file input.cif (mmCIF, C-alpha atoms)
data_my_file
loop_
_atom_site.group_PDB
_atom_site.id
_atom_site.type_symbol
_atom_site.label_atom_id
_atom_site.label_comp_id
_atom_site.auth_asym_id
_atom_site.auth_seq_id
_atom_site.Cartn_x
_atom_site.Cartn_y
_atom_site.Cartn_z
ATOM 1 C CA MET A 1 0.000 0.000 0.000
ATOM 2 C CA THR A 2 1.373 3.414 -0.953
ATOM 3 C CA LEU A 3 0.724 6.281 1.431
ATOM 4 C CA LYS A 4 0.466 9.801 0.107
ATOM 5 C CA PRO A 5 1.911 12.665 2.188
ATOM 6 C CA GLU A 6 -1.542 13.714 3.384
ATOM 7 C CA ASP A 7 -2.263 10.216 4.665
ATOM 8 C CA THR A 8 0.316 10.171 7.416
ATOM 9 C CA ALA A 9 2.425 12.470 9.526
ATOM 10 C CA VAL A 10 5.872 13.291 8.169
ATOM 11 C CA LEU A 11 8.470 12.745 10.846
ATOM 12 C CA SER A 12 12.060 13.908 10.857
ATOM 13 C CA PRO A 13 14.693 11.192 10.338
ATOM 14 C CA PRO A 14 17.150 10.267 13.091
ATOM 15 C CA ASN A 15 20.129 12.541 13.502
ATOM 16 C CA GLN A 16 23.686 11.383 12.814
ATOM 17 C CA GLY A 17 23.841 9.651 16.179
ATOM 18 C CA GLY A 18 20.872 7.481 15.258
ATOM 19 C CA ARG A 19 18.558 9.170 17.753
ATOM 20 C CA PHE A 20 15.345 11.026 16.995
ATOM 21 C CA ALA A 21 14.842 14.579 18.163
ATOM 22 C CA ALA A 22 12.481 15.052 21.104
ATOM 23 C CA GLY A 23 8.918 14.272 20.114
ATOM 24 C CA GLU A 24 9.832 12.835 16.702
ATOM 25 C CA ASP A 25 10.370 9.112 17.287
ATOM 26 C CA PRO A 26 7.543 7.442 15.308
ATOM 27 C CA ALA A 27 7.729 4.213 17.329
ATOM 28 C CA LYS A 28 7.381 6.082 20.638
ATOM 29 C CA ARG A 29 4.555 8.196 19.221
ATOM 30 C CA GLN A 30 2.717 5.073 18.095
ATOM 31 C CA GLN A 31 3.287 3.453 21.502
ATOM 32 C CA ILE A 32 1.553 6.422 23.134
ATOM 33 C CA LEU A 33 -1.297 6.404 20.629
ATOM 34 C CA ASP A 34 -1.864 2.672 21.130
ATOM 35 C CA GLY A 35 -2.059 3.192 24.879
ATOM 36 C CA ALA A 36 -4.363 6.185 24.461
ATOM 37 C CA ARG A 37 -6.695 4.185 22.218
ATOM 38 C CA ARG A 38 -7.091 1.500 24.870
ATOM 39 C CA VAL A 39 -7.730 4.104 27.565
ATOM 40 C CA PHE A 40 -10.273 6.138 25.588
ATOM 41 C CA MET A 41 -12.141 3.050 24.433
ATOM 42 C CA LYS A 42 -12.291 1.665 27.972
ATOM 43 C CA MET A 43 -12.964 4.841 29.968
ATOM 44 C CA GLY A 44 -14.390 7.367 27.513
ATOM 45 C CA PHE A 45 -12.989 10.806 26.793
ATOM 46 C CA ASP A 46 -14.183 12.641 29.909
ATOM 47 C CA ALA A 47 -13.137 10.003 32.444
ATOM 48 C CA ALA A 48 -9.725 9.358 30.890
ATOM 49 C CA SER A 49 -6.722 11.355 32.063
ATOM 50 C CA MET A 50 -3.208 11.886 30.800
ATOM 51 C CA ASN A 51 -1.999 9.914 33.833
ATOM 52 C CA ASP A 52 -4.104 6.958 32.684
ATOM 53 C CA VAL A 53 -2.428 7.162 29.288
ATOM 54 C CA THR A 54 1.083 7.231 30.745
ATOM 55 C CA ARG A 55 0.372 4.085 32.740
ATOM 56 C CA GLU A 56 -1.251 2.244 29.843
ATOM 57 C CA ALA A 57 1.383 3.286 27.302
ATOM 58 C CA GLY A 58 4.306 2.645 29.651
ATOM 59 C CA VAL A 59 5.871 6.093 29.272
ATOM 60 C CA SER A 60 6.703 8.898 31.659
ATOM 61 C CA LYS A 61 4.522 11.978 31.978
ATOM 62 C CA GLY A 62 7.407 14.070 30.656
ATOM 63 C CA THR A 63 7.633 11.926 27.519
ATOM 64 C CA LEU A 64 3.875 12.099 26.968
ATOM 65 C CA TYR A 65 3.828 15.899 27.082
ATOM 66 C CA VAL A 66 6.730 16.140 24.656
ATOM 67 C CA TYR A 67 4.497 14.457 22.071
ATOM 68 C CA PHE A 68 1.047 15.767 23.009
ATOM 69 C CA ALA A 69 0.190 18.991 24.836
ATOM 70 C CA ASN A 70 -3.154 17.864 26.231
ATOM 71 C CA LYS A 71 -5.865 15.227 26.120
ATOM 72 C CA GLU A 72 -7.719 16.885 23.254
ATOM 73 C CA GLU A 73 -4.625 16.897 21.045
ATOM 74 C CA LEU A 74 -3.911 13.284 21.926
ATOM 75 C CA PHE A 75 -7.446 12.197 21.071
ATOM 76 C CA HIS A 76 -7.357 14.075 17.779
ATOM 77 C CA ALA A 77 -4.003 12.506 16.857
ATOM 78 C CA MET A 78 -5.373 9.064 17.651
ATOM 79 C CA VAL A 79 -8.381 9.640 15.404
ATOM 80 C CA GLU A 80 -6.272 11.105 12.600
ATOM 81 C CA THR A 81 -3.910 8.121 12.677
ATOM 82 C CA GLU A 82 -6.846 5.739 12.294
ATOM 83 C CA ARG A 83 -8.398 7.931 9.593
ATOM 84 C CA ALA A 84 -5.160 8.163 7.605
ATOM 85 C CA ALA A 85 -4.729 4.388 7.576
ATOM 86 C CA PHE A 86 -8.322 3.894 6.461
ATOM 87 C CA VAL A 87 -8.117 6.572 3.750
ATOM 88 C CA ALA A 88 -4.945 4.991 2.376
ATOM 89 C CA ALA A 89 -6.577 1.551 2.386
ATOM 90 C CA VAL A 90 -9.669 2.804 0.546
ATOM 91 C CA ARG A 91 -7.612 4.680 -2.029
ATOM 92 C CA SER A 92 -5.576 1.534 -2.630
ATOM 93 C CA VAL A 93 -8.760 -0.526 -3.102
ATOM 94 C CA LEU A 94 -10.075 1.826 -5.782
ATOM 95 C CA ALA A 95 -6.718 2.133 -7.529
ATOM 96 C CA GLU A 96 -6.635 -1.644 -8.045
ATOM 97 C CA HIS A 97 -9.847 -1.729 -10.116
ATOM 98 C CA ASP A 98 -10.273 -0.633 -13.711
ATOM 99 C CA ASP A 99 -13.772 -2.116 -13.675
ATOM 100 C CA VAL A 100 -16.091 0.486 -12.191
ATOM 101 C CA GLU A 101 -18.553 -1.962 -10.594
ATOM 102 C CA ALA A 102 -15.787 -4.043 -9.021
ATOM 103 C CA GLY A 103 -14.251 -0.873 -7.603
ATOM 104 C CA LEU A 104 -17.554 0.344 -6.202
ATOM 105 C CA TYR A 105 -18.193 -3.061 -4.642
ATOM 106 C CA GLU A 106 -14.822 -3.280 -2.878
ATOM 107 C CA PHE A 107 -15.069 0.337 -1.780
ATOM 108 C CA GLY A 108 -18.561 -0.207 -0.404
ATOM 109 C CA ILE A 109 -17.597 -3.302 1.562
ATOM 110 C CA THR A 110 -14.503 -1.618 3.010
ATOM 111 C CA PHE A 111 -16.399 1.584 3.813
ATOM 112 C CA VAL A 112 -19.377 -0.005 5.582
ATOM 113 C CA THR A 113 -17.255 -2.541 7.468
ATOM 114 C CA HIS A 114 -15.043 0.244 8.823
ATOM 115 C CA MET A 115 -17.813 2.718 9.628
ATOM 116 C CA THR A 116 -19.774 0.166 11.671
ATOM 117 C CA GLU A 117 -16.812 -1.102 13.725
ATOM 118 C CA ASP A 118 -17.081 -0.679 17.490
ATOM 119 C CA LYS A 119 -13.991 1.556 17.711
ATOM 120 C CA VAL A 120 -15.319 3.952 15.049
ATOM 121 C CA ILE A 121 -18.791 4.151 16.572
ATOM 122 C CA ASP A 122 -17.298 4.669 20.048
ATOM 123 C CA ALA A 123 -15.067 7.471 18.771
ATOM 124 C CA MET A 124 -17.980 9.240 17.100
ATOM 125 C CA ARG A 125 -20.157 8.949 20.172
ATOM 126 C CA THR A 126 -17.312 10.348 22.261
ATOM 127 C CA VAL A 127 -16.911 13.393 20.031
ATOM 128 C CA LEU A 128 -20.639 14.046 19.789
ATOM 129 C CA GLY A 129 -20.867 13.834 23.582
ATOM 130 C CA VAL A 130 -18.450 16.761 24.069
ATOM 131 C CA ARG A 131 -19.425 18.861 21.037
ATOM 132 C CA GLU A 132 -20.938 21.726 23.092
ATOM 133 C CA ARG A 133 -17.944 22.021 25.408
ATOM 134 C CA MET A 134 -15.333 21.333 22.741
ATOM 135 C CA PRO A 135 -16.692 22.459 19.373
ATOM 136 C CA LEU A 136 -13.196 22.666 17.874
ATOM 137 C CA LEU A 137 -12.537 19.011 18.646
ATOM 138 C CA CYS A 138 -15.822 18.100 16.952
ATOM 139 C CA GLN A 139 -15.013 20.222 13.903
ATOM 140 C CA ARG A 140 -11.542 18.696 13.563
ATOM 141 C CA PHE A 141 -12.990 15.217 13.862
ATOM 142 C CA PHE A 142 -15.611 15.605 11.153
ATOM 143 C CA LYS A 143 -13.645 17.852 8.785
ATOM 144 C CA GLY A 144 -10.441 16.030 8.023
ATOM 145 C CA PRO A 145 -8.254 17.324 5.189
ATOM 146 C CA GLN A 146 -8.898 14.187 3.149
ATOM 147 C CA ASN A 147 -12.234 12.400 3.184
ATOM 148 C CA LEU A 148 -14.042 9.592 1.470
ATOM 149 C CA ARG A 149 -16.065 11.882 -0.753
ATOM 150 C CA THR A 150 -12.837 13.235 -2.273
ATOM 151 C CA ILE A 151 -11.524 9.736 -2.926
ATOM 152 C CA MET A 152 -14.819 8.657 -4.482
ATOM 153 C CA HIS A 153 -14.893 11.867 -6.558
ATOM 154 C CA ASP A 154 -11.448 11.050 -8.001
ATOM 155 C CA PHE A 155 -12.501 7.480 -8.801
ATOM 156 C CA LEU A 156 -15.695 8.557 -10.543
ATOM 157 C CA GLU A 157 -13.925 11.303 -12.461
ATOM 158 C CA ARG A 158 -11.433 8.745 -13.793
ATOM 159 C CA HIS A 159 -14.272 6.577 -15.079
ATOM 160 C CA VAL A 160 -16.131 9.530 -16.560
ATOM 161 C CA GLN A 161 -12.992 10.361 -18.515
ATOM 162 C CA ALA A 162 -12.707 6.710 -19.566
ATOM 163 C CA GLY A 163 -16.297 6.798 -20.831
ATOM 164 C CA THR A 164 -17.696 4.125 -18.503
ATOM 165 C CA LEU A 165 -19.758 6.623 -16.487
ATOM 166 C CA LYS A 166 -21.747 9.678 -17.523
ATOM 167 C CA ILE A 167 -22.063 12.124 -14.634
ATOM 168 C CA ASP A 168 -22.769 15.851 -14.766
ATOM 169 C CA ASP A 169 -22.179 16.577 -11.056
ATOM 170 C CA ILE A 170 -19.458 14.235 -9.809
ATOM 171 C CA ASP A 171 -19.389 15.618 -6.277
ATOM 172 C CA LEU A 172 -23.128 15.014 -5.936
ATOM 173 C CA ALA A 173 -22.786 11.488 -7.328
ATOM 174 C CA ALA A 174 -19.949 10.697 -4.910
ATOM 175 C CA GLY A 175 -22.132 11.659 -1.951
ATOM 176 C CA GLN A 176 -25.042 9.701 -3.355
ATOM 177 C CA PHE A 177 -23.035 6.498 -3.552
ATOM 178 C CA LEU A 178 -21.778 6.934 0.016
ATOM 179 C CA ASP A 179 -25.386 7.356 1.193
ATOM 180 C CA LEU A 180 -26.570 4.354 -0.818
ATOM 181 C CA ALA A 181 -23.737 2.173 0.450
ATOM 182 C CA SER A 182 -24.144 3.008 4.117
ATOM 183 C CA GLY A 183 -27.846 2.210 3.983
ATOM 184 C CA SER A 184 -29.292 2.508 7.484
ATOM 185 C CA PHE A 185 -26.395 0.627 9.106
ATOM 186 C CA PHE A 186 -24.448 3.648 10.285
ATOM 187 C CA LYS A 187 -27.356 5.459 11.946
ATOM 188 C CA LEU A 188 -28.604 2.276 13.571
ATOM 189 C CA ARG A 189 -25.148 1.615 15.022
ATOM 190 C CA LEU A 190 -24.518 5.209 16.110
ATOM 191 C CA PHE A 191 -27.798 5.542 17.984
ATOM 192 C CA GLY A 192 -27.672 2.096 19.570
ATOM 193 C CA ASN A 193 -30.446 0.388 17.602
ATOM 194 C CA MET A 194 -27.958 -2.175 16.292
ATOM 195 C CA GLU A 195 -25.754 -3.669 18.989
ATOM 196 C CA GLY A 196 -22.988 -5.013 16.781
ATOM 197 C CA PRO A 197 -21.648 -4.623 13.250
ATOM 198 C CA PRO A 198 -23.965 -5.960 10.531
ATOM 199 C CA PRO A 199 -23.218 -9.441 9.132
ATOM 200 C CA ARG A 200 -21.119 -9.647 5.984
ATOM 201 C CA ASN A 201 -23.904 -11.104 3.850
ATOM 202 C CA GLU A 202 -26.204 -8.199 4.746
ATOM 203 C CA ILE A 203 -23.501 -5.653 3.896
ATOM 204 C CA GLU A 204 -22.969 -7.369 0.543
ATOM 205 C CA ARG A 205 -26.711 -7.304 -0.203
ATOM 206 C CA VAL A 206 -26.899 -3.567 0.451
ATOM 207 C CA ILE A 207 -23.762 -2.810 -1.584
ATOM 208 C CA ARG A 208 -25.017 -4.808 -4.574
ATOM 209 C CA GLY A 209 -28.289 -2.877 -4.434
ATOM 210 C CA ALA A 210 -26.424 0.427 -4.183
ATOM 211 C CA ILE A 211 -24.353 -0.410 -7.264
ATOM 212 C CA HIS A 212 -27.465 -1.445 -9.196
ATOM 213 C CA VAL A 213 -29.164 1.886 -8.496
ATOM 214 C CA PHE A 214 -25.993 3.921 -9.090
ATOM 215 C CA MET A 215 -25.186 2.277 -12.427
ATOM 216 C CA ALA A 216 -28.795 2.625 -13.576
ATOM 217 C CA ALA A 217 -28.413 6.374 -13.084
ATOM 218 C CA TYR A 218 -24.849 6.910 -14.292
ATOM 219 C CA GLY A 219 -23.616 3.833 -16.141
ATOM 220 C CA VAL A 220 -22.848 3.989 -19.858
ATOM 221 C CA ARG A 221 -24.145 1.037 -21.853
ATOM 222 C CA LYS A 222 -21.670 -0.663 -24.152
ATOM 223 C CA HIS A 223 -23.406 0.501 -27.335
ATOM 224 C CA GLU A 224 -23.218 4.088 -26.025
ATOM 225 C CA HIS A 225 -19.553 3.649 -25.241
ATOM 226 C CA THR A 226 -18.583 2.492 -28.742
#
call {"tool": "encode", "arguments": {"input": "input.cif", "output": "structure tokens"}}
result
Amino acid sequence: MTLKPEDTAVLSPPNQGGRFAAGEDPAKRQQILDGARRVFMKMGFDAASMNDVTREAGVSKGTLYVYFANKEELFHAMVETERAAFVAAVRSVLAEHDDVEAGLYEFGITFVTHMTEDKVIDAMRTVLGVRERMPLLCQRFFKGPQNLRTIMHDFLERHVQAGTLKIDDIDLAAGQFLDLASGSFFKLRLFGNMEGPPPRNEIERVIRGAIHVFMAAYGVRKHEHT
């Protein structure tokens, strides 16, 4: 999988002595983020403290504050790390497919599976729970620099140029496919009406239906393409 610069933080290389500058060791940063993830998922944002993170991550308080100034910054970094990995994975999935329907199918499966995972739902509930006290945290969470709509837009634009899709408003179509693919799964999970992630066969059924509707609206028939 190839990561683009916007998908991951760029860290300075070790100096000539083989040591990273303070706050720039990627392994130590990841160690802290892994510990923070376990703490936030177990205790929730409000109950968790920086002391809890130091104990769980196995680092000193001084080391923790070299990397992250406060709990809000730490939570945001944790979310962005997860988001970057997912964005890179989705982009890779779409890049592998020249067939538009195969690409939409793999994207849909990956998207819905990720968005209905416990850790994603828990993170969203956490952010929504503090949105009035911490509006900036909420804004940063939901307005990342790179999102799924942008990735889907690029994929659809490529196929419009190839003549396999005919779309006048690509941004609108990208959002439509995301809505079709997610079905009611995401809302049901977020608001507690669905206790666990949906079964794979149900996700596949919804994605196939989404593709059928999407291609009926935007697909180019072979005789139109020739």
call {"tool": "axis_aligned_box", "arguments": {"input": "input.cif", "around": "region 73-86 of chain A", "padding_each_side": "4 Å", "output": "JSON"}}
result
{"center_x": -6.2, "center_y": 10.4, "center_z": 14.2, "size_x": 12.5, "size_y": 21.0, "size_z": 23.5}
call {"tool": "atom_distance", "arguments": {"input": "input.cif", "atom1": "CA of Met50 (chain A)", "atom2": "CA of Phe141 (chain A)"}}
result
19.8 Å
call {"tool": "closest_atom_pairs", "arguments": {"input": "input.cif", "of": "region 24-79 of chain A", "to": "region 84-90 of chain A", "cutoff": "12 Å", "atoms": "only C-alpha atoms", "output": "Markdown table"}}
result
| residue | atom | partner | partner_atom | distance |
| --- | --- | --- | --- | --- |
| A:His76 | CA | A:Ala84 | CA | 12.0 |
| A:Ala77 | CA | A:Ala84 | CA | 10.3 |
| A:Met78 | CA | A:Ala84 | CA | 10.1 |
| A:Val79 | CA | A:Ala84 | CA | 8.6 |
call {"tool": "atom_distance", "arguments": {"input": "input.cif", "atom1": "CA of Thr126 (chain A)", "atom2": "CA of Cys138 (chain A)"}}
result
9.5 Å
call {"tool": "residues_around", "arguments": {"input": "input.cif", "residues": "Ile151 (chain A)", "least_positions_apart": "4", "cutoff": "8 Å", "atoms": "only C-alpha atoms", "output": "list in words"}}
result
Val90, Arg91, Gln146, Asn147 and Phe155 of chain A
call {"tool": "atom_distance", "arguments": {"input": "input.cif", "atom1": "CA of Thr63 (chain A)", "atom2": "CA of Arg37 (chain A)"}}
result
17.1 Å
call {"tool": "residues_near_point", "arguments": {"input": "input.cif", "point": "(-14.6, 4.0, 20.9)", "cutoff": "10 Å", "atoms": "all atoms listed in the file", "output": "list in words"}}
result
Arg37, Arg38, Val39, Phe40, Met41, Lys42, Met43, Gly44, Phe45, Glu117, Asp118, Lys119, Val120, Ile121, Asp122, Ala123, Met124, Arg125, Thr126 and Val127 of chain A
call {"tool": "resolve_selection", "arguments": {"input": "input.cif", "expression": "the PyMOL selection byres ((chain A and resi 205) around 12)", "output": "MDAnalysis selection string"}}
result
chainID A and resid 105 108:109 112 180:183 198:204 206:212
call {"tool": "closest_residue", "arguments": {"input": "input.cif", "among": "A:Val93, A:Ile167, A:Ala48, A:Leu74", "to": "Phe111 (chain A)", "atoms": "only C-alpha atoms"}}
result
A:Val93
call {"tool": "resolve_selection", "arguments": {"input": "input.cif", "expression": "the PyMOL selection byres ((chain A and resi 174) around 12)", "output": "PyMOL selection string"}}
result
chain A and resi 104+107-108+147-157+167-173+175-181+214+218
call {"tool": "closest_residue", "arguments": {"input": "input.cif", "among": "A:Phe191, A:Phe185, A:Tyr65, A:Phe75", "to": "Asn51 (chain A)", "atoms": "only C-alpha atoms"}}
result
A:Tyr65
call {"tool": "resolve_selection", "arguments": {"input": "input.cif", "expression": "the PyMOL selection byres ((chain A and resi 220) around 6)", "output": "list in words"}}
result
Thr164, Leu165, Gly219 and Arg221 of chain A
call {"tool": "residues_around", "arguments": {"input": "input.cif", "residues": "Gly35 (chain A)", "least_positions_apart": "5", "cutoff": "6 Å", "atoms": "only C-alpha atoms", "output": "list in words"}}
result
Val53, Glu56 and Ala57 of chain A
call {"tool": "write_last_selection", "arguments": {"input": "input.cif", "atoms": "C-alpha atoms", "output": "short mmCIF file (atom, residue, chain, number, x, y, z; two decimals), in the coordinates of the input"}}
result
data_model
loop_
_atom_site.label_atom_id
_atom_site.label_comp_id
_atom_site.auth_asym_id
_atom_site.auth_seq_id
_atom_site.Cartn_x
_atom_site.Cartn_y
_atom_site.Cartn_z
CA VAL A 53 -2.43 7.16 29.29
CA GLU A 56 -1.25 2.24 29.84
CA ALA A 57 1.38 3.29 27.30
#
call {"tool": "closest_residue", "arguments": {"input": "input.cif", "among": "A:Ala27, A:Val66, A:Leu136, A:Ala102", "to": "Met215 (chain A)", "atoms": "all atoms listed in the file"}}
result
A:Ala102
call {"tool": "decode", "arguments": {"input": "input.cif", "residues": "region 62-94 of chain A", "atoms": "N, CA and C atoms", "output": "compact mmCIF listing (two decimals), in the first residue's frame"}}
result
# COMPACT_ATOMS: atom_id res chain seq x y z
N GLY A 62 6.59 13.14 31.43
CA GLY A 62 7.41 14.07 30.66
C GLY A 62 7.45 13.69 29.18
N THR A 63 7.61 12.39 28.91
CA THR A 63 7.63 11.93 27.52
C THR A 63 6.30 12.17 26.85
N LEU A 64 5.20 11.90 27.54
CA LEU A 64 3.87 12.10 26.97
C LEU A 64 3.67 13.54 26.53
N TYR A 65 4.07 14.49 27.40
CA TYR A 65 3.83 15.90 27.08
C TYR A 65 4.79 16.44 26.03
N VAL A 66 5.87 15.76 25.78
CA VAL A 66 6.73 16.14 24.66
C VAL A 66 6.00 15.89 23.34
N TYR A 67 5.20 14.83 23.30
CA TYR A 67 4.50 14.46 22.07
C TYR A 67 3.13 15.11 21.95
N PHE A 68 2.42 15.25 23.05
CA PHE A 68 1.05 15.77 23.01
C PHE A 68 0.82 16.74 24.16
N ALA A 69 0.32 17.93 23.84
CA ALA A 69 0.19 18.99 24.84
C ALA A 69 -0.95 18.75 25.82
N ASN A 70 -1.99 18.06 25.37
CA ASN A 70 -3.15 17.86 26.23
C ASN A 70 -3.98 16.68 25.72
N LYS A 71 -5.02 16.39 26.44
CA LYS A 71 -5.87 15.23 26.12
C LYS A 71 -6.58 15.41 24.79
N GLU A 72 -7.02 16.63 24.51
CA GLU A 72 -7.72 16.89 23.25
C GLU A 72 -6.81 16.63 22.05
N GLU A 73 -5.58 17.11 22.13
CA GLU A 73 -4.63 16.90 21.05
C GLU A 73 -4.31 15.42 20.87
N LEU A 74 -4.19 14.72 21.97
CA LEU A 74 -3.91 13.28 21.93
C LEU A 74 -5.06 12.52 21.28
N PHE A 75 -6.28 12.87 21.65
CA PHE A 75 -7.45 12.20 21.07
C PHE A 75 -7.53 12.47 19.57
N HIS A 76 -7.31 13.72 19.20
CA HIS A 76 -7.36 14.08 17.78
C HIS A 76 -6.29 13.32 16.99
N ALA A 77 -5.08 13.23 17.54
CA ALA A 77 -4.00 12.51 16.86
C ALA A 77 -4.35 11.04 16.70
N MET A 78 -4.97 10.47 17.72
CA MET A 78 -5.37 9.06 17.65
C MET A 78 -6.38 8.85 16.52
N VAL A 79 -7.36 9.74 16.45
CA VAL A 79 -8.38 9.64 15.40
C VAL A 79 -7.77 9.84 14.02
N GLU A 80 -6.88 10.82 13.89
CA GLU A 80 -6.27 11.11 12.60
C GLU A 80 -5.40 9.96 12.12
N THR A 81 -4.73 9.28 13.05
CA THR A 81 -3.91 8.12 12.68
C THR A 81 -4.78 7.01 12.11
N GLU A 82 -5.90 6.75 12.77
CA GLU A 82 -6.85 5.74 12.29
C GLU A 82 -7.43 6.16 10.94
N ARG A 83 -7.80 7.43 10.82
CA ARG A 83 -8.40 7.93 9.59
C ARG A 83 -7.42 7.83 8.42
N ALA A 84 -6.17 8.19 8.67
CA ALA A 84 -5.16 8.16 7.60
C ALA A 84 -4.95 6.75 7.08
N ALA A 85 -4.91 5.78 7.99
CA ALA A 85 -4.73 4.39 7.58
C ALA A 85 -5.93 3.91 6.75
N PHE A 86 -7.12 4.31 7.19
CA PHE A 86 -8.32 3.89 6.46
C PHE A 86 -8.40 4.56 5.09
N VAL A 87 -8.09 5.85 5.02
CA VAL A 87 -8.12 6.57 3.75
C VAL A 87 -7.13 5.94 2.76
N ALA A 88 -5.95 5.61 3.24
CA ALA A 88 -4.95 4.99 2.38
C ALA A 88 -5.42 3.63 1.88
N ALA A 89 -6.08 2.87 2.77
CA ALA A 89 -6.58 1.55 2.39
C ALA A 89 -7.67 1.66 1.33
N VAL A 90 -8.58 2.62 1.50
CA VAL A 90 -9.67 2.80 0.55
C VAL A 90 -9.14 3.27 -0.80
N ARG A 91 -8.19 4.21 -0.77
CA ARG A 91 -7.61 4.68 -2.03
C ARG A 91 -6.94 3.54 -2.77
N SER A 92 -6.25 2.68 -2.02
CA SER A 92 -5.58 1.53 -2.63
C SER A 92 -6.58 0.58 -3.26
N VAL A 93 -7.71 0.35 -2.59
CA VAL A 93 -8.76 -0.53 -3.10
C VAL A 93 -9.26 -0.02 -4.45
N LEU A 94 -9.54 1.26 -4.54
CA LEU A 94 -10.08 1.83 -5.78
C LEU A 94 -9.03 1.85 -6.89
